[in-house]
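Novice: Handing you a structure now.
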Amino acid sequence: MRYVDAPVPSQVVLDLLARADLLAAAASEAILAGDDDRLAALLDDRGVVIDAVVSVWKDAATHRHTADQIAQMTRATGATLAAASQAHATAVVARDQVVCQLSALDARQQASQDYQSGTPHRSIDVVL
């Protein structure tokens, strides 16, 4: 590849941000599927991509960016932040569902123990 054909730094950053967005979406899917190993790998990969974005952007500091390039970067960064925010929201919902299920299980177990020990009145309201 000749130097003239090399992508400008802003295009590299845009491509990397798009990759980070795809990884965030895949992380959301892994959260919903409960695939912790895949989630960890995706988040590690996304961290590497974001580090690369920062590195390329710093190295491109001497490159004079046009207003259009800066606008593209701003939009892409906004989309990347939105993708990360969506993945976070998915994680919060999944966590809340697990906490709710664990609380209900704990209440049922406590009610069962209370019933077996002869004091069911206190725990009936919890289960109902």
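As shown in the structure tokens, the chain order sets the letters A, B, ...; within each chain, residues go from 1, and ligands are also counted from 1 in the order they appear.
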Do a neighbour search on Thr80 (chain A) at 12 Å with only C-alpha atoms, toss out local chain neighbours closer than 2 positions, and write the hits as a tab-separated table (two decimals) with N, CA and C atoms, in the first residue's frame.

Specialist:
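Result file follows (around04.tsv):
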```tsv
chain	number	residue	atom	x	y	z
A	13	VAL	N	-9.93	6.26	13.19
A	13	VAL	CA	-10.65	6.42	14.45
A	13	VAL	C	-12.12	6.09	14.27
A	14	LEU	N	-12.71	6.55	13.18
A	14	LEU	CA	-14.13	6.24	12.91
A	14	LEU	C	-14.34	4.73	12.79
A	15	ASP	N	-13.43	4.07	12.10
A	15	ASP	CA	-13.53	2.61	11.96
A	15	ASP	C	-13.40	1.92	13.32
A	16	LEU	N	-12.47	2.39	14.13
A	16	LEU	CA	-12.28	1.81	15.46
A	16	LEU	C	-13.50	2.05	16.35
A	17	LEU	N	-14.07	3.25	16.27
A	17	LEU	CA	-15.27	3.54	17.07
A	17	LEU	C	-16.44	2.66	16.63
A	18	ALA	N	-16.56	2.43	15.33
A	18	ALA	CA	-17.62	1.54	14.84
A	18	ALA	C	-17.40	0.12	15.38
A	19	ARG	N	-16.15	-0.31	15.43
A	19	ARG	CA	-15.83	-1.63	15.99
A	19	ARG	C	-16.19	-1.68	17.47
A	20	ALA	N	-15.90	-0.61	18.20
A	20	ALA	CA	-16.25	-0.55	19.62
A	20	ALA	C	-17.76	-0.63	19.81
A	21	ASP	N	-18.51	0.01	18.92
A	21	ASP	CA	-19.98	-0.05	18.99
A	21	ASP	C	-20.48	-1.48	18.80
A	22	LEU	N	-19.90	-2.19	17.82
A	22	LEU	CA	-20.30	-3.58	17.58
A	22	LEU	C	-19.97	-4.46	18.78
A	23	LEU	N	-18.83	-4.21	19.40
A	23	LEU	CA	-18.45	-4.99	20.58
A	23	LEU	C	-19.38	-4.70	21.75
A	24	ALA	N	-19.82	-3.44	21.90
A	24	ALA	CA	-20.77	-3.10	22.97
A	24	ALA	C	-22.11	-3.79	22.74
A	25	ALA	N	-22.56	-3.83	21.49
A	25	ALA	CA	-23.82	-4.51	21.18
A	25	ALA	C	-23.69	-6.01	21.45
A	46	ARG	N	-13.10	-4.60	23.62
A	46	ARG	CA	-13.57	-3.22	23.49
A	46	ARG	C	-12.60	-2.26	24.16
A	49	VAL	N	-9.76	-1.72	21.80
A	49	VAL	CA	-10.16	-0.85	20.69
A	49	VAL	C	-10.21	0.61	21.14
A	50	ILE	N	-10.78	0.87	22.31
A	50	ILE	CA	-10.86	2.25	22.81
A	50	ILE	C	-9.46	2.80	23.06
A	53	VAL	N	-8.14	3.84	19.81
A	53	VAL	CA	-8.74	5.12	19.39
A	53	VAL	C	-7.96	6.28	19.99
A	73	MET	N	-16.28	12.80	13.80
A	73	MET	CA	-15.72	12.23	15.03
A	73	MET	C	-16.67	12.45	16.20
A	74	THR	N	-17.25	13.63	16.26
A	74	THR	CA	-18.17	13.95	17.35
A	74	THR	C	-19.39	13.04	17.30
A	75	ARG	N	-19.96	12.85	16.11
A	75	ARG	CA	-21.11	11.96	15.97
A	75	ARG	C	-20.75	10.52	16.31
A	76	ALA	N	-19.60	10.07	15.83
A	76	ALA	CA	-19.18	8.70	16.10
A	76	ALA	C	-18.92	8.48	17.58
A	77	THR	N	-18.31	9.46	18.22
A	77	THR	CA	-18.06	9.36	19.65
A	77	THR	C	-19.37	9.32	20.41
A	78	GLY	N	-20.34	10.14	19.99
A	78	GLY	CA	-21.66	10.12	20.62
A	78	GLY	C	-22.33	8.76	20.47
A	82	ALA	N	-23.35	6.15	23.37
A	82	ALA	CA	-24.72	5.63	23.46
A	82	ALA	C	-24.71	4.10	23.49
A	83	ALA	N	-23.85	3.48	22.69
A	83	ALA	CA	-23.76	2.01	22.70
A	83	ALA	C	-23.28	1.51	24.05
A	84	ALA	N	-22.31	2.19	24.62
A	84	ALA	CA	-21.82	1.80	25.95
A	84	ALA	C	-22.90	2.01	27.00
A	85	SER	N	-23.65	3.09	26.87
A	85	SER	CA	-24.74	3.36	27.81
A	85	SER	C	-25.82	2.29	27.71
A	86	GLN	N	-26.12	1.86	26.50
A	86	GLN	CA	-27.12	0.80	26.30
A	86	GLN	C	-26.64	-0.51	26.91
A	87	ALA	N	-25.37	-0.82	26.72
A	87	ALA	CA	-24.82	-2.05	27.32
A	87	ALA	C	-24.89	-1.97	28.84
```

Novice: Would you tabulate, counting only C-alpha atoms, all residues of region 11-68 of chain A that have an atom at most 9 Å from an atom of region 91-113 of chain A, showing the closest pair of atoms and their distance in Å to one decimal, sorted by chain then ascending number, as CSV?

Specialist:
```
residue,atom,partner,partner_atom,distance
A:Ser28,CA,A:Ala91,CA,7.2
A:Ile31,CA,A:Ala91,CA,6.3
A:Leu32,CA,A:Ala94,CA,6.8
A:Gly34,CA,A:Ala94,CA,8.8
```

Novice: Write a file of the just-selected residues containing N, CA and C atoms, as an mmCIF file, in the first residue's frame.

Specialist:
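Everything below was put into again_13.cif:
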```cif
data_model
loop_
_atom_site.group_PDB
_atom_site.id
_atom_site.type_symbol
_atom_site.label_atom_id
_atom_site.label_comp_id
_atom_site.auth_asym_id
_atom_site.auth_seq_id
_atom_site.Cartn_x
_atom_site.Cartn_y
_atom_site.Cartn_z
ATOM 1 N N SER A 28 -23.916 -6.628 25.129
ATOM 2 C CA SER A 28 -25.307 -6.624 25.602
ATOM 3 C C SER A 28 -25.961 -7.981 25.374
ATOM 4 N N ILE A 31 -24.648 -10.405 27.902
ATOM 5 C CA ILE A 31 -25.260 -10.165 29.214
ATOM 6 C C ILE A 31 -26.611 -10.866 29.282
ATOM 7 N N LEU A 32 -27.424 -10.652 28.252
ATOM 8 C CA LEU A 32 -28.759 -11.246 28.235
ATOM 9 C C LEU A 32 -28.703 -12.770 28.176
ATOM 10 N N GLY A 34 -26.358 -14.484 29.543
ATOM 11 C CA GLY A 34 -25.699 -14.966 30.756
ATOM 12 C C GLY A 34 -24.345 -15.605 30.486
#
```

Novice: Extract, using only C-alpha atoms, all DNA, RNA and protein residues at most 12 Å from Thr66 (chain A), discarding same-chain residues fewer than 4 positions from it, and format them as JSON, numbers by chain.

Specialist: {"A": [8, 9, 10, 70, 71, 72, 73]}
